[in-house]
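Visitor: Next comes the structure file protein.tsv, holding TSV, C-alpha atoms and all ligand atoms.
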chain	number	residue	atom	x	y	z
A	193	MET	CA	-42.40	23.67	18.53
A	194	LYS	CA	-42.96	24.70	14.91
A	195	PRO	CA	-41.46	22.45	12.19
A	196	LYS	CA	-38.45	24.70	11.42
A	197	THR	CA	-37.49	24.95	15.11
A	198	LYS	CA	-37.96	21.19	15.47
A	199	MET	CA	-35.29	20.53	12.82
A	200	ILE	CA	-32.75	22.48	14.90
A	201	HIS	CA	-33.74	21.72	18.50
A	202	SER	CA	-34.81	18.06	18.45
A	203	GLY	CA	-32.66	15.16	19.63
A	204	ILE	CA	-29.38	15.59	21.44
A	205	ASN	CA	-27.72	18.78	20.26
A	206	THR	CA	-25.02	19.46	22.83
A	207	ASP	CA	-22.12	17.28	23.92
A	208	GLU	CA	-22.49	16.75	27.67
A	209	LEU	CA	-18.76	16.44	28.27
A	210	THR	CA	-17.55	19.62	26.54
A	211	GLY	CA	-20.61	21.69	25.67
A	212	ALA	CA	-19.80	21.38	21.97
A	213	VAL	CA	-22.95	22.34	20.01
A	214	SER	CA	-22.34	19.63	17.43
A	215	VAL	CA	-22.44	16.00	18.59
A	216	PRO	CA	-18.88	14.62	18.27
A	217	ILE	CA	-18.09	11.77	15.89
A	218	TYR	CA	-17.40	8.88	18.26
A	219	GLN	CA	-15.16	6.93	15.88
A	220	VAL	CA	-14.93	3.94	18.20
A	221	SER	CA	-15.82	0.26	18.21
A	222	THR	CA	-15.59	-0.70	21.90
A	223	TYR	CA	-15.85	0.91	25.35
A	224	LYS	CA	-13.88	0.41	28.58
A	225	GLN	CA	-15.85	-1.39	31.29
A	226	GLU	CA	-15.23	-0.42	34.97
A	227	ALA	CA	-15.84	-4.01	36.01
A	228	VAL	CA	-17.33	-7.00	34.26
A	229	GLY	CA	-20.73	-5.87	32.97
A	230	LYS	CA	-20.34	-2.38	34.53
A	231	HIS	CA	-20.35	0.21	31.74
A	232	ARG	CA	-21.87	3.62	30.87
A	233	GLY	CA	-24.49	2.38	28.45
A	234	TYR	CA	-22.15	1.49	25.59
A	235	GLU	CA	-20.36	-1.84	25.17
A	236	TYR	CA	-19.78	-2.31	21.46
A	237	SER	CA	-20.66	0.00	18.54
A	238	ARG	CA	-22.81	-2.47	16.61
A	239	THR	CA	-25.11	-2.52	19.65
A	240	GLY	CA	-24.89	1.22	20.28
A	241	ASN	CA	-22.71	4.21	19.40
A	242	PRO	CA	-23.23	7.72	20.86
A	243	THR	CA	-23.14	9.51	17.48
A	244	ARG	CA	-25.54	7.04	15.92
A	245	PHE	CA	-27.72	7.24	19.04
A	246	ALA	CA	-27.92	11.05	18.71
A	247	LEU	CA	-29.17	10.63	15.13
A	248	GLU	CA	-31.61	7.91	16.19
A	249	GLU	CA	-33.02	10.19	18.90
A	250	LEU	CA	-33.33	13.02	16.37
A	251	ILE	CA	-35.25	11.04	13.74
A	252	LYS	CA	-37.44	9.53	16.49
A	253	GLU	CA	-38.50	13.01	17.59
A	254	LEU	CA	-38.98	14.30	14.03
A	255	GLU	CA	-41.31	11.39	13.22
A	256	ASN	CA	-43.08	11.55	16.62
A	257	GLY	CA	-42.17	7.93	17.38
A	258	VAL	CA	-40.94	5.80	20.26
A	259	ALA	CA	-37.51	4.81	18.90
A	260	GLY	CA	-35.28	5.47	15.88
A	261	PHE	CA	-32.73	3.23	14.16
A	262	ALA	CA	-29.98	4.08	11.70
A	263	PHE	CA	-28.77	1.65	9.03
A	264	GLY	CA	-26.08	1.58	6.37
A	265	SER	CA	-28.58	2.17	3.54
A	266	GLY	CA	-32.29	2.53	2.89
A	267	MET	CA	-32.37	-1.08	1.71
A	268	ALA	CA	-30.66	-2.29	4.91
A	269	ALA	CA	-33.34	-0.42	6.89
A	270	ILE	CA	-36.21	-1.88	4.85
A	271	THR	CA	-34.75	-5.40	5.03
A	272	ALA	CA	-34.36	-5.15	8.82
A	273	VAL	CA	-38.02	-4.11	9.11
A	274	MET	CA	-39.08	-7.09	6.98
A	275	MET	CA	-37.21	-9.34	9.42
A	276	LEU	CA	-39.95	-8.57	11.92
A	277	LEU	CA	-41.95	-11.05	9.82
A	278	GLN	CA	-41.82	-14.85	9.91
A	279	SER	CA	-41.52	-17.44	7.19
A	280	GLY	CA	-45.02	-17.97	5.79
A	281	ASP	CA	-46.13	-14.36	6.29
A	282	HIS	CA	-47.61	-12.24	3.50
A	283	VAL	CA	-47.20	-8.51	2.83
A	284	ILE	CA	-49.30	-6.21	0.63
A	285	MET	CA	-47.25	-3.52	-1.10
A	286	THR	CA	-47.70	-0.45	-3.28
A	287	ASP	CA	-47.19	-1.65	-6.88
A	288	ASP	CA	-44.76	1.06	-7.92
A	289	VAL	CA	-42.51	0.91	-4.85
A	290	TYR	CA	-38.83	1.74	-5.20
A	291	GLY	CA	-37.18	-0.85	-7.48
A	292	GLY	CA	-34.81	-2.08	-4.77
A	293	THR	CA	-37.75	-2.71	-2.43
A	294	TYR	CA	-39.48	-4.74	-5.14
A	295	ARG	CA	-36.24	-6.67	-5.73
A	296	VAL	CA	-35.60	-7.57	-2.09
A	297	MET	CA	-39.20	-8.76	-1.67
A	298	SER	CA	-39.46	-10.74	-4.88
A	299	HIS	CA	-35.92	-12.12	-5.21
A	300	VAL	CA	-34.49	-12.33	-1.67
A	301	LEU	CA	-37.19	-12.53	1.00
A	302	ASP	CA	-39.36	-14.78	-1.18
A	303	ARG	CA	-36.63	-17.42	-0.69
A	304	PHE	CA	-37.39	-17.24	3.03
A	305	ASN	CA	-41.05	-17.78	2.23
A	306	ILE	CA	-42.13	-14.19	2.87
A	307	GLU	CA	-44.66	-13.58	0.15
A	308	SER	CA	-45.68	-10.22	-1.28
A	309	THR	CA	-48.57	-8.98	-3.41
A	310	PHE	CA	-48.28	-5.67	-5.26
A	311	VAL	CA	-51.44	-3.60	-5.66
A	312	ASP	CA	-52.35	-0.04	-6.61
A	313	SER	CA	-52.57	1.26	-3.04
A	314	SER	CA	-53.98	4.59	-4.22
A	315	ILE	CA	-57.19	2.51	-4.55
A	316	PRO	CA	-57.76	1.27	-0.94
A	317	GLU	CA	-60.24	-1.40	-2.12
A	318	GLN	CA	-57.36	-3.14	-3.91
A	319	VAL	CA	-55.49	-3.35	-0.60
A	320	THR	CA	-58.50	-4.85	1.20
A	321	ALA	CA	-59.05	-7.35	-1.62
A	322	ALA	CA	-55.46	-8.62	-1.33
A	323	ILE	CA	-55.69	-9.49	2.38
A	324	ASN	CA	-55.58	-13.20	3.16
A	325	ASP	CA	-55.17	-15.18	6.39
A	326	LYS	CA	-51.38	-15.01	6.13
A	327	THR	CA	-51.21	-11.24	5.66
A	328	ARG	CA	-49.26	-9.53	8.43
A	329	ALA	CA	-48.29	-6.15	7.02
A	330	ILE	CA	-49.09	-3.42	4.50
A	331	TYR	CA	-46.16	-1.52	3.00
A	332	ILE	CA	-46.89	1.85	1.39
A	333	GLU	CA	-44.78	4.35	-0.48
A	334	THR	CA	-46.39	7.76	-1.03
A	335	PRO	CA	-45.73	9.69	-3.21
A	336	THR	CA	-44.30	7.05	-5.54
A	337	ASN	CA	-41.60	7.15	-8.12
A	338	PRO	CA	-41.72	8.17	-10.97
A	339	LEU	CA	-45.48	8.82	-11.34
A	340	LEU	CA	-45.95	10.45	-7.91
A	341	LYS	CA	-49.07	8.47	-7.06
A	342	ILE	CA	-50.59	9.29	-3.68
A	343	THR	CA	-51.99	6.77	-1.19
A	344	ASP	CA	-54.41	7.88	1.53
A	345	LEU	CA	-52.52	6.87	4.68
A	346	ARG	CA	-55.48	7.38	7.03
A	347	LYS	CA	-57.66	5.06	4.94
A	348	ILE	CA	-54.95	2.40	4.71
A	349	SER	CA	-54.36	2.71	8.45
A	350	ASP	CA	-58.06	2.00	9.08
A	351	ILE	CA	-57.78	-1.13	6.94
A	352	ALA	CA	-54.58	-2.21	8.75
A	353	LYS	CA	-56.16	-1.71	12.18
A	354	ALA	CA	-59.36	-3.55	11.23
A	355	HIS	CA	-57.28	-6.59	10.19
A	356	ASN	CA	-54.59	-6.30	12.87
A	357	LEU	CA	-51.81	-5.65	10.32
A	358	LEU	CA	-48.61	-3.64	10.67
A	359	LEU	CA	-48.59	-0.51	8.52
A	360	ILE	CA	-45.12	0.38	7.21
A	361	VAL	CA	-44.61	3.61	5.26
A	362	ASP	CA	-41.62	4.67	3.15
A	363	ASN	CA	-41.45	8.43	3.81
A	364	THR	CA	-38.35	9.12	1.70
A	365	PHE	CA	-40.00	11.54	-0.75
A	366	ASN	CA	-41.80	13.80	1.73
A	367	THR	CA	-39.46	13.55	4.75
A	368	PRO	CA	-40.78	14.26	8.27
A	369	TYR	CA	-40.67	17.95	7.42
A	370	TRP	CA	-43.77	17.54	5.21
A	371	GLN	CA	-45.38	14.28	6.39
A	372	GLN	CA	-45.46	12.28	9.64
A	373	PRO	CA	-46.95	8.85	8.82
A	374	LEU	CA	-47.03	7.70	12.48
A	375	ASP	CA	-49.46	10.54	13.24
A	376	LEU	CA	-51.64	9.27	10.37
A	377	GLY	CA	-51.80	5.74	11.84
A	378	ALA	CA	-48.64	3.99	10.58
A	379	ASP	CA	-46.66	1.70	12.92
A	380	ILE	CA	-43.27	1.99	11.24
A	381	VAL	CA	-41.67	4.66	9.05
A	382	VAL	CA	-38.67	3.91	6.84
A	383	HIS	CA	-36.39	6.30	4.95
A	384	SER	CA	-33.68	6.22	2.43
A	385	ALA	CA	-31.78	9.01	4.18
A	386	THR	CA	-29.49	8.99	1.13
A	387	LYS	CA	-32.05	11.32	-0.45
A	388	TYR	CA	-33.54	14.49	1.11
A	389	ILE	CA	-32.48	13.84	4.71
A	390	GLY	CA	-28.78	13.69	3.79
A	391	GLY	CA	-29.50	16.11	0.96
A	392	HIS	CA	-26.00	16.60	-0.45
A	393	SER	CA	-25.35	13.42	-2.50
A	394	ASP	CA	-22.54	12.43	-0.13
A	395	VAL	CA	-23.91	9.66	2.10
A	396	VAL	CA	-25.87	6.39	1.75
A	397	ALA	CA	-28.03	5.67	4.80
A	398	GLY	CA	-31.38	4.37	6.04
A	399	LEU	CA	-33.57	5.26	9.01
A	400	VAL	CA	-36.48	3.57	10.75
A	401	VAL	CA	-38.88	4.92	13.40
A	402	VAL	CA	-41.35	2.72	15.29
A	403	ASN	CA	-44.39	3.66	17.37
A	404	SER	CA	-44.27	1.17	20.28
A	405	THR	CA	-41.82	-0.21	22.84
A	406	GLU	CA	-42.65	-3.71	21.63
A	407	LEU	CA	-41.47	-2.84	18.09
A	408	LYS	CA	-38.53	-0.93	19.55
A	409	ASP	CA	-37.27	-4.01	21.40
A	410	LYS	CA	-37.83	-6.31	18.43
A	411	LEU	CA	-36.11	-4.01	15.95
A	412	HIS	CA	-33.18	-3.30	18.22
A	413	PHE	CA	-32.71	-7.05	18.55
A	414	ILE	CA	-32.73	-7.37	14.73
A	415	GLN	CA	-30.41	-4.37	14.22
A	416	ASN	CA	-27.90	-5.74	16.72
A	417	SER	CA	-28.21	-9.34	15.45
A	418	THR	CA	-27.98	-8.68	11.70
A	419	GLY	CA	-25.61	-5.73	12.03
A	420	GLY	CA	-26.49	-3.42	9.11
A	421	ILE	CA	-25.73	-0.31	11.18
A	422	LEU	CA	-24.73	3.18	10.07
A	423	GLY	CA	-21.19	4.31	10.94
A	424	PRO	CA	-20.60	7.37	13.16
A	425	GLN	CA	-19.21	9.62	10.41
A	426	ASP	CA	-22.27	9.08	8.22
A	427	ALA	CA	-24.59	9.50	11.23
A	428	TRP	CA	-22.96	12.90	11.83
A	429	LEU	CA	-23.43	13.88	8.17
A	430	LEU	CA	-27.14	13.12	8.43
A	431	MET	CA	-27.50	15.27	11.57
A	432	ARG	CA	-25.75	18.05	9.73
A	433	GLY	CA	-28.11	17.57	6.77
A	434	ILE	CA	-31.21	17.67	8.97
A	435	LYS	CA	-30.21	21.08	10.34
A	436	THR	CA	-31.07	22.58	6.92
A	437	LEU	CA	-33.85	20.14	5.96
A	438	ALA	CA	-36.60	22.75	6.45
A	439	LEU	CA	-34.84	25.37	4.33
A	440	ARG	CA	-34.00	22.85	1.64
A	441	MET	CA	-37.50	21.36	1.42
A	442	GLU	CA	-39.04	24.85	1.10
A	443	ALA	CA	-36.53	25.76	-1.61
A	444	HIS	CA	-37.04	22.47	-3.51
A	445	GLU	CA	-40.77	23.06	-3.50
A	446	GLN	CA	-40.60	26.70	-4.58
A	447	ASN	CA	-38.44	25.72	-7.53
A	448	ALA	CA	-40.69	22.75	-8.30
A	449	LYS	CA	-43.70	25.10	-8.55
A	450	LYS	CA	-41.84	27.32	-11.05
A	451	VAL	CA	-40.75	24.35	-13.13
A	452	VAL	CA	-44.23	22.79	-13.06
A	453	SER	CA	-45.93	25.97	-14.22
A	454	PHE	CA	-43.42	26.27	-17.07
A	455	LEU	CA	-43.86	22.61	-18.10
A	456	THR	CA	-47.68	22.63	-18.00
A	457	GLU	CA	-47.69	25.57	-20.47
A	458	HIS	CA	-45.12	24.10	-22.85
A	459	PRO	CA	-46.59	22.80	-26.15
A	460	LYS	CA	-44.13	19.88	-26.41
A	461	VAL	CA	-44.90	18.54	-22.93
A	462	LYS	CA	-47.77	16.03	-23.12
A	463	LYS	CA	-48.26	15.42	-19.42
A	464	VAL	CA	-46.90	16.67	-16.10
A	465	TYR	CA	-47.01	14.55	-12.92
A	466	TYR	CA	-46.85	16.60	-9.71
A	467	PRO	CA	-49.10	16.18	-6.64
A	468	GLY	CA	-49.31	19.97	-6.26
A	469	LEU	CA	-51.29	20.24	-9.51
A	470	SER	CA	-55.02	20.49	-8.75
A	471	LYS	CA	-55.78	18.00	-11.56
A	472	HIS	CA	-53.41	15.37	-10.10
A	473	PRO	CA	-55.71	12.51	-8.95
A	474	GLY	CA	-54.10	12.45	-5.48
A	475	HIS	CA	-53.98	16.22	-5.01
A	476	ASP	CA	-56.63	16.52	-2.27
A	477	ILE	CA	-55.25	13.58	-0.29
A	478	ALA	CA	-51.70	14.92	-0.60
A	479	LYS	CA	-52.91	18.30	0.66
A	480	ASN	CA	-54.66	16.63	3.57
A	481	GLN	CA	-51.89	14.37	4.81
A	482	ALA	CA	-48.74	16.36	4.02
A	483	SER	CA	-47.84	20.01	4.43
A	484	GLY	CA	-45.94	20.20	1.12
A	485	PHE	CA	-45.85	18.62	-2.33
A	486	GLY	CA	-42.11	18.13	-2.56
A	487	GLY	CA	-39.52	18.59	-5.24
A	488	MET	CA	-40.03	15.59	-7.54
A	489	ILE	CA	-41.62	16.10	-10.97
A	490	SER	CA	-42.12	13.76	-13.92
A	491	PHE	CA	-43.18	14.88	-17.39
A	492	ASP	CA	-43.82	13.18	-20.69
A	493	VAL	CA	-42.38	14.71	-23.86
A	494	GLY	CA	-43.98	12.08	-26.10
A	495	SER	CA	-40.91	10.41	-27.59
A	496	LEU	CA	-37.57	8.91	-26.71
A	497	GLU	CA	-35.87	11.22	-29.25
A	498	LEU	CA	-37.05	14.39	-27.55
A	499	ALA	CA	-36.38	12.96	-24.08
A	500	GLU	CA	-32.81	12.15	-25.10
A	501	GLN	CA	-32.40	15.63	-26.58
A	502	VAL	CA	-33.51	17.22	-23.29
A	503	LEU	CA	-31.20	15.02	-21.25
A	504	SER	CA	-28.21	15.78	-23.45
A	505	ARG	CA	-28.83	19.52	-23.60
A	506	VAL	CA	-29.56	20.49	-19.98
A	507	LYS	CA	-26.72	22.25	-18.18
A	508	TYR	CA	-27.95	22.50	-14.60
A	509	PHE	CA	-29.61	19.07	-14.33
A	510	THR	CA	-27.12	16.28	-13.79
A	511	LEU	CA	-27.96	13.00	-15.52
A	512	ALA	CA	-27.99	10.59	-12.58
A	513	GLU	CA	-30.09	8.19	-10.55
A	514	SER	CA	-30.99	9.16	-6.97
A	515	LEU	CA	-32.87	12.28	-5.89
A	516	GLY	CA	-33.39	14.77	-3.11
A	517	ALA	CA	-30.08	16.59	-3.21
A	518	VAL	CA	-29.22	20.29	-3.46
A	519	GLU	CA	-28.26	19.87	-7.14
A	520	SER	CA	-30.96	19.19	-9.72
A	521	LEU	CA	-30.92	15.68	-11.16
A	522	ILE	CA	-32.59	14.34	-14.30
A	523	SER	CA	-33.27	10.78	-15.42
A	524	LEU	CA	-35.14	8.68	-17.94
A	525	PRO	CA	-36.97	6.00	-15.89
A	526	ALA	CA	-37.71	3.72	-18.88
A	527	LYS	CA	-33.99	3.44	-19.70
A	528	MET	CA	-32.55	3.77	-16.18
A	529	THR	CA	-34.34	3.00	-12.90
A	530	HIS	CA	-37.22	1.06	-14.51
A	531	ALA	CA	-35.37	-0.57	-17.43
A	532	SER	CA	-35.83	-4.05	-15.94
A	533	ILE	CA	-39.65	-3.80	-16.23
A	534	PRO	CA	-40.90	-5.20	-19.58
A	535	LYS	CA	-41.86	-2.43	-22.04
A	536	ASP	CA	-45.59	-3.30	-22.28
A	537	ARG	CA	-45.96	-3.35	-18.49
A	538	ARG	CA	-44.02	-0.08	-18.27
A	539	GLU	CA	-46.26	1.60	-20.86
A	540	ALA	CA	-49.37	0.31	-19.08
A	541	LEU	CA	-48.12	1.96	-15.88
A	542	GLY	CA	-47.47	5.24	-17.75
A	543	ILE	CA	-43.68	4.94	-17.71
A	544	THR	CA	-43.30	5.70	-21.41
A	545	ASP	CA	-40.02	6.16	-23.29
A	546	GLY	CA	-40.64	9.92	-23.27
A	547	LEU	CA	-41.11	10.18	-19.51
A	548	ILE	CA	-38.48	12.35	-17.83
A	549	ARG	CA	-38.06	12.52	-14.06
A	550	ILE	CA	-36.45	15.46	-12.35
A	551	SER	CA	-35.42	16.02	-8.79
A	552	VAL	CA	-35.51	19.80	-8.54
A	553	GLY	CA	-32.54	21.19	-6.64
A	554	ILE	CA	-32.14	24.47	-4.80
A	555	GLU	CA	-30.46	26.46	-7.60
A	556	ASP	CA	-32.16	29.65	-8.81
A	557	GLY	CA	-35.57	28.55	-10.14
A	558	ASP	CA	-35.38	30.88	-13.18
A	559	ASP	CA	-32.10	29.31	-14.24
A	560	LEU	CA	-33.73	25.88	-14.06
A	561	VAL	CA	-36.72	26.99	-16.16
A	562	ASN	CA	-34.49	28.67	-18.77
A	563	ASP	CA	-32.36	25.56	-18.93
A	564	LEU	CA	-35.36	23.30	-19.60
A	565	ASN	CA	-36.67	25.82	-22.13
A	566	GLN	CA	-33.50	25.75	-24.23
A	567	ALA	CA	-33.31	21.96	-23.92
A	568	LEU	CA	-36.84	21.58	-25.36
A	569	GLN	CA	-36.27	23.93	-28.34
A	570	ASP	CA	-36.08	22.61	-31.92
A	601	LIG	C1	-33.44	5.20	-2.73
A	601	LIG	C2	-34.67	4.69	-2.14
A	601	LIG	C3	-34.67	3.55	-1.33
A	601	LIG	C4	-33.41	2.72	-1.08
A	601	LIG	O1	-32.50	3.45	-0.33
A	601	LIG	P1	-30.89	3.27	-0.45
A	601	LIG	O2	-30.40	4.30	0.52
A	601	LIG	O3	-30.53	3.56	-1.87
A	601	LIG	O4	-30.57	1.89	-0.06
A	601	LIG	C5	-35.87	3.15	-0.75
A	601	LIG	N1	-37.01	3.83	-0.97
A	601	LIG	C6	-37.04	4.93	-1.74
A	601	LIG	C7	-38.34	5.64	-1.94
A	601	LIG	C8	-35.89	5.40	-2.36
A	601	LIG	O5	-35.95	6.48	-3.15
Re-express the file's structure as structure tokens.
Guide:
Amino acid sequence: MKPKTKMIHSGINTDELTGAVSVPIYQVSTYKQEAVGKHRGYEYSRTGNPTRFALEELIKELENGVAGFAFGSGMAAITAVMMLLQSGDHVIMTDDVYGGTYRVMSHVLDRFNIESTFVDSSIPEQVTAAINDKTRAIYIETPTNPLLKITDLRKISDIAKAHNLLLIVDNTFNTPYWQQPLDLGADIVVHSATKYIGGHSDVVAGLVVVNSTELKDKLHFIQNSTGGILGPQDAWLLMRGIKTLALRMEAHEQNAKKVVSFLTEHPKVKKVYYPGLSKHPGHDIAKNQASGFGGMISFDVGSLELAEQVLSRVKYFTLAESLGAVESLISLPAKMTHASIPKDRREALGITDGLIRISVGIEDGDDLVNDLNQALQD
């Protein structure tokens, strides 16, 4: 099956009872048992719900895994995965992971004695150097936010296998339409499905896919025990979103290419970060491990004044956090998502006051370029 067909024909796409071609929303908490312990596979909706199960089957197939799990947010999904670890374990993580991931590791799980070290995982030697005898997992985000750094997943997978470590990959930015980390050697994939998978800024959700029955059993036990599940209505919205994921990802990328070529030519733009640019340091790796470069772009206009001018003048880019939706979004990482990082550390990372991040939507690409052009004018 080719990727576009996969988005439509994977998982469970017909209701067995009625033939309905959309899985019904089973808005239910409990299920009638014929006799004590005699049921049709469902007992209680925290443990399993048919609508959620249909989504879990779908994401499992899209990521080429053994089992899928749906959670109430990306952070609930990531936290559940971390609960595979024990007190005393150590994890090596990409240094510019999503802020919420950094927060849960350094301010919540650290209290349970799960230690984390943050390294520049685009340099595999830094990952190897951070391994100690307590290390149990490597957690990678690629591309990252907002600088779109790329980590070579095959290389990190070799390191993980050599040291018997779990490799966990946050695939939110590329989605399974462009990148399948399990095929590149990862053990677990996580998603904030709030972003591209949902795609319409109307649902908060998280997904996990694992590559073995051992991890499947362990994670199901954690999901059922800790209870951070996704409700049936939101599971249905994600399945609806996935039906157009291929079309949306292609449209995001086409628009991103137009915007990038405009920005790279503009005299007031000092630097453009986009993995599709041949001079991007991760370009060749990105090309090798993913079939697209995505719709996220960051660019530096050199000053806070100009950045604020652009943000206040754009008409088609909504000033908001989040990303991956049909509408274009714009943000200023230094003042928004990354404001809690001290200024000198931010500047050292390249997150200057003039750095603007955009999530390119699926509007007409020429409208987006014209909008940025007028916003950058004197
Ligand atoms: C948003 C995001 C998360 C967290 O997901 P929520 O759905 O907001 O809980 C995790 N990782 C990445 C890369 C994200 O962009």
Visitor: Counting all atoms listed in the file, what residues are within 6 Å of ligand LIG 601 (chain A), given as a list in words?
Guide: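 Taking all atoms listed in the file into account, the residues around ligand LIG 601 (chain A) at most 6 Å away are Ser265, Gly266, Met267, Tyr290, Thr364, Ser384, Thr386, Val396, Ala397 and Gly398 of chain A.
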Visitor: Restricting it to C-alpha atoms, dump the selection as a PDB file, in the frame of the given file.
Guide:
ATOM      1  CA  SER A 265     -28.580   2.170   3.540  1.00  0.00           C
ATOM      2  CA  GLY A 266     -32.290   2.530   2.890  1.00  0.00           C
ATOM      3  CA  MET A 267     -32.370  -1.080   1.710  1.00  0.00           C
ATOM      4  CA  TYR A 290     -38.830   1.740  -5.200  1.00  0.00           C
ATOM      5  CA  THR A 364     -38.350   9.120   1.700  1.00  0.00           C
ATOM      6  CA  SER A 384     -33.680   6.220   2.430  1.00  0.00           C
ATOM      7  CA  THR A 386     -29.490   8.990   1.130  1.00  0.00           C
ATOM      8  CA  VAL A 396     -25.870   6.390   1.750  1.00  0.00           C
ATOM      9  CA  ALA A 397     -28.030   5.670   4.800  1.00  0.00           C
ATOM     10  CA  GLY A 398     -31.380   4.370   6.040  1.00  0.00           C
TER      11      GLY A 398
END
Visitor: Name the residues in contact with Tyr218 of chain A at a cut-off of 10 Å, using only C-alpha atoms, excluding same-chain residues fewer than 6 positions from it; report them as a PyMOL selection string.
Guide: chain A and resi 237+241-244+423-425+428
Visitor: Under the rule that all atoms listed in the file are counted, which of A:Val402, A:Ala212, A:Leu524, A:Leu376 is the nearest residue to Gln481 of chain A?
Guide: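 For Gln481 of chain A, the nearest of the candidates is A:Leu376.
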Visitor: Given the choices A:Ala329, A:Val289, A:Leu358, A:Val273, which gets closest to Lys341 of chain A if the distance is worked out from all atoms listed in the file?
Guide: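 Looking at the shortest contact to Lys341 of chain A, the residue is A:Val289.
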Visitor: Using all atoms listed in the file, which residue out of A:Ala385, A:Met431, A:Ile548, A:Val518 lies closest to Pro216 of chain A?
Guide: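 Of A:Ala385, A:Met431, A:Ile548, A:Val518, the one nearest Pro216 of chain A, counting all atoms listed in the file, is A:Met431.
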Visitor: Check the smallest atom-to-atom distance from each of A:Ile414, A:Ile533, A:Leu276, A:Leu496 to Gly291 of chain A using all atoms listed in the file, then report the winner.
Guide: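 Selected residue with least distance to Gly291 of chain A: A:Ile533.
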Visitor: Excluding Trp370 of chain A and its own-chain neighbours fewer than 6 positions away, which residues fall within 10 Å of it when counting only C-alpha atoms? Please give them as a list in words.
Guide: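 The residues satisfying every condition are Pro195, Asn363, Ala438, Met441, Glu442, Gln481, Ala482, Ser483, Gly484, Phe485 and Gly486 of chain A.
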Visitor: Could you save the residues just selected, with C-alpha atoms, as a PDB file, keeping the file's coordinate frame?
Guide:
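As written to disk, selection_8.pdb reads:
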ATOM      1  CA  PRO A 195     -41.460  22.450  12.190  1.00  0.00           C
ATOM      2  CA  ASN A 363     -41.450   8.430   3.810  1.00  0.00           C
ATOM      3  CA  ALA A 438     -36.600  22.750   6.450  1.00  0.00           C
ATOM      4  CA  MET A 441     -37.500  21.360   1.420  1.00  0.00           C
ATOM      5  CA  GLU A 442     -39.040  24.850   1.100  1.00  0.00           C
ATOM      6  CA  GLN A 481     -51.890  14.370   4.810  1.00  0.00           C
ATOM      7  CA  ALA A 482     -48.740  16.360   4.020  1.00  0.00           C
ATOM      8  CA  SER A 483     -47.840  20.010   4.430  1.00  0.00           C
ATOM      9  CA  GLY A 484     -45.940  20.200   1.120  1.00  0.00           C
ATOM     10  CA  PHE A 485     -45.850  18.620  -2.330  1.00  0.00           C
ATOM     11  CA  GLY A 486     -42.110  18.130  -2.560  1.00  0.00           C
TER      12      GLY A 486
END
Visitor: Taking only C-alpha atoms into account, name the residue in A:Glu317, A:Glu519, A:Asp394, A:Asp556 that is nearest to Asp350 of chain A.
Guide: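 Among the listed residues, A:Glu317 lies closest to Asp350 of chain A.
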Visitor: Given all atoms listed in the file as the basis, pick out the residue of A:Ile389, A:Val561, A:Ala512, A:Ala531 nearest to Phe454 of chain A.
Guide: A:Val561
Visitor: Report, in Å with one decimal, the straight-line distance from atom CA of Leu469 of chain A to atom CA of Gln318 of chain A.
Guide: 24.8 Å
Visitor: What separation in Å, quoted to one decimal, exists between atom CA of Arg505 of chain A and atom CA of Leu564 of chain A?
Guide: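 Straight-line distance from atom CA of Arg505 of chain A to atom CA of Leu564 of chain A works out to 8.5 Å.
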Visitor: Between atom CA of Lys460 of chain A and atom CA of Leu503 of chain A, measure the distance and give it in Å to one decimal.
Guide: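 Taking atom CA of Lys460 of chain A and atom CA of Leu503 of chain A, their separation equals 14.7 Å.
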Visitor: (-41.5, 2.6, 15.1) in this file's frame - what residues fall within 6 Å of it? Use only C-alpha atoms and give the answer as a ChimeraX atom specification.
Guide: /A:257,259,379-380,401-403
Visitor: I'd like the contact shell of Lys463 of chain A - 10 Å cut-off, all atoms listed in the file, skipping same-chain residues fewer than 2 positions apart - returned as a list in words.
Guide: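 Those residues are Leu455, Thr456, His458, Lys460, Val461, Tyr465, Tyr466, Ser490, Phe491, Asp492, Val493, Gly494 and Leu547 of chain A.
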Visitor: Which residues, written as a PyMOL selection string, have at least one atom at most 9 Å from Phe310 of chain A, with all atoms listed in the file counted and residues fewer than 6 positions away on the same chain left out?
Guide: chain A and resi 283-289+294+319+322
Visitor: How about saving the chosen residues, C-alpha atoms kept, as a tab-separated table (two decimals), in the coordinates of the input?
Guide:
chain	number	residue	atom	x	y	z
A	283	VAL	CA	-47.20	-8.51	2.83
A	284	ILE	CA	-49.30	-6.21	0.63
A	285	MET	CA	-47.25	-3.52	-1.10
A	286	THR	CA	-47.70	-0.45	-3.28
A	287	ASP	CA	-47.19	-1.65	-6.88
A	288	ASP	CA	-44.76	1.06	-7.92
A	289	VAL	CA	-42.51	0.91	-4.85
A	294	TYR	CA	-39.48	-4.74	-5.14
A	319	VAL	CA	-55.49	-3.35	-0.60
A	322	ALA	CA	-55.46	-8.62	-1.33
Visitor: With a cut-off of 8 Å, could you pull out the residues of segment 398-447 of chain A touching segment 197-207 of chain A and give me the nearest pair of atoms for each, distance in Å to one decimal, using only C-alpha atoms, ordered by chain and ascending number, as JSON lines?
Guide:
{"residue": "A:Ile434", "atom": "CA", "partner": "A:Met199", "partner_atom": "CA", "distance": 6.3}
{"residue": "A:Lys435", "atom": "CA", "partner": "A:Ile200", "partner_atom": "CA", "distance": 5.4}
{"residue": "A:Thr436", "atom": "CA", "partner": "A:Met199", "partner_atom": "CA", "distance": 7.5}
{"residue": "A:Leu437", "atom": "CA", "partner": "A:Met199", "partner_atom": "CA", "distance": 7.0}
{"residue": "A:Ala438", "atom": "CA", "partner": "A:Met199", "partner_atom": "CA", "distance": 6.9}
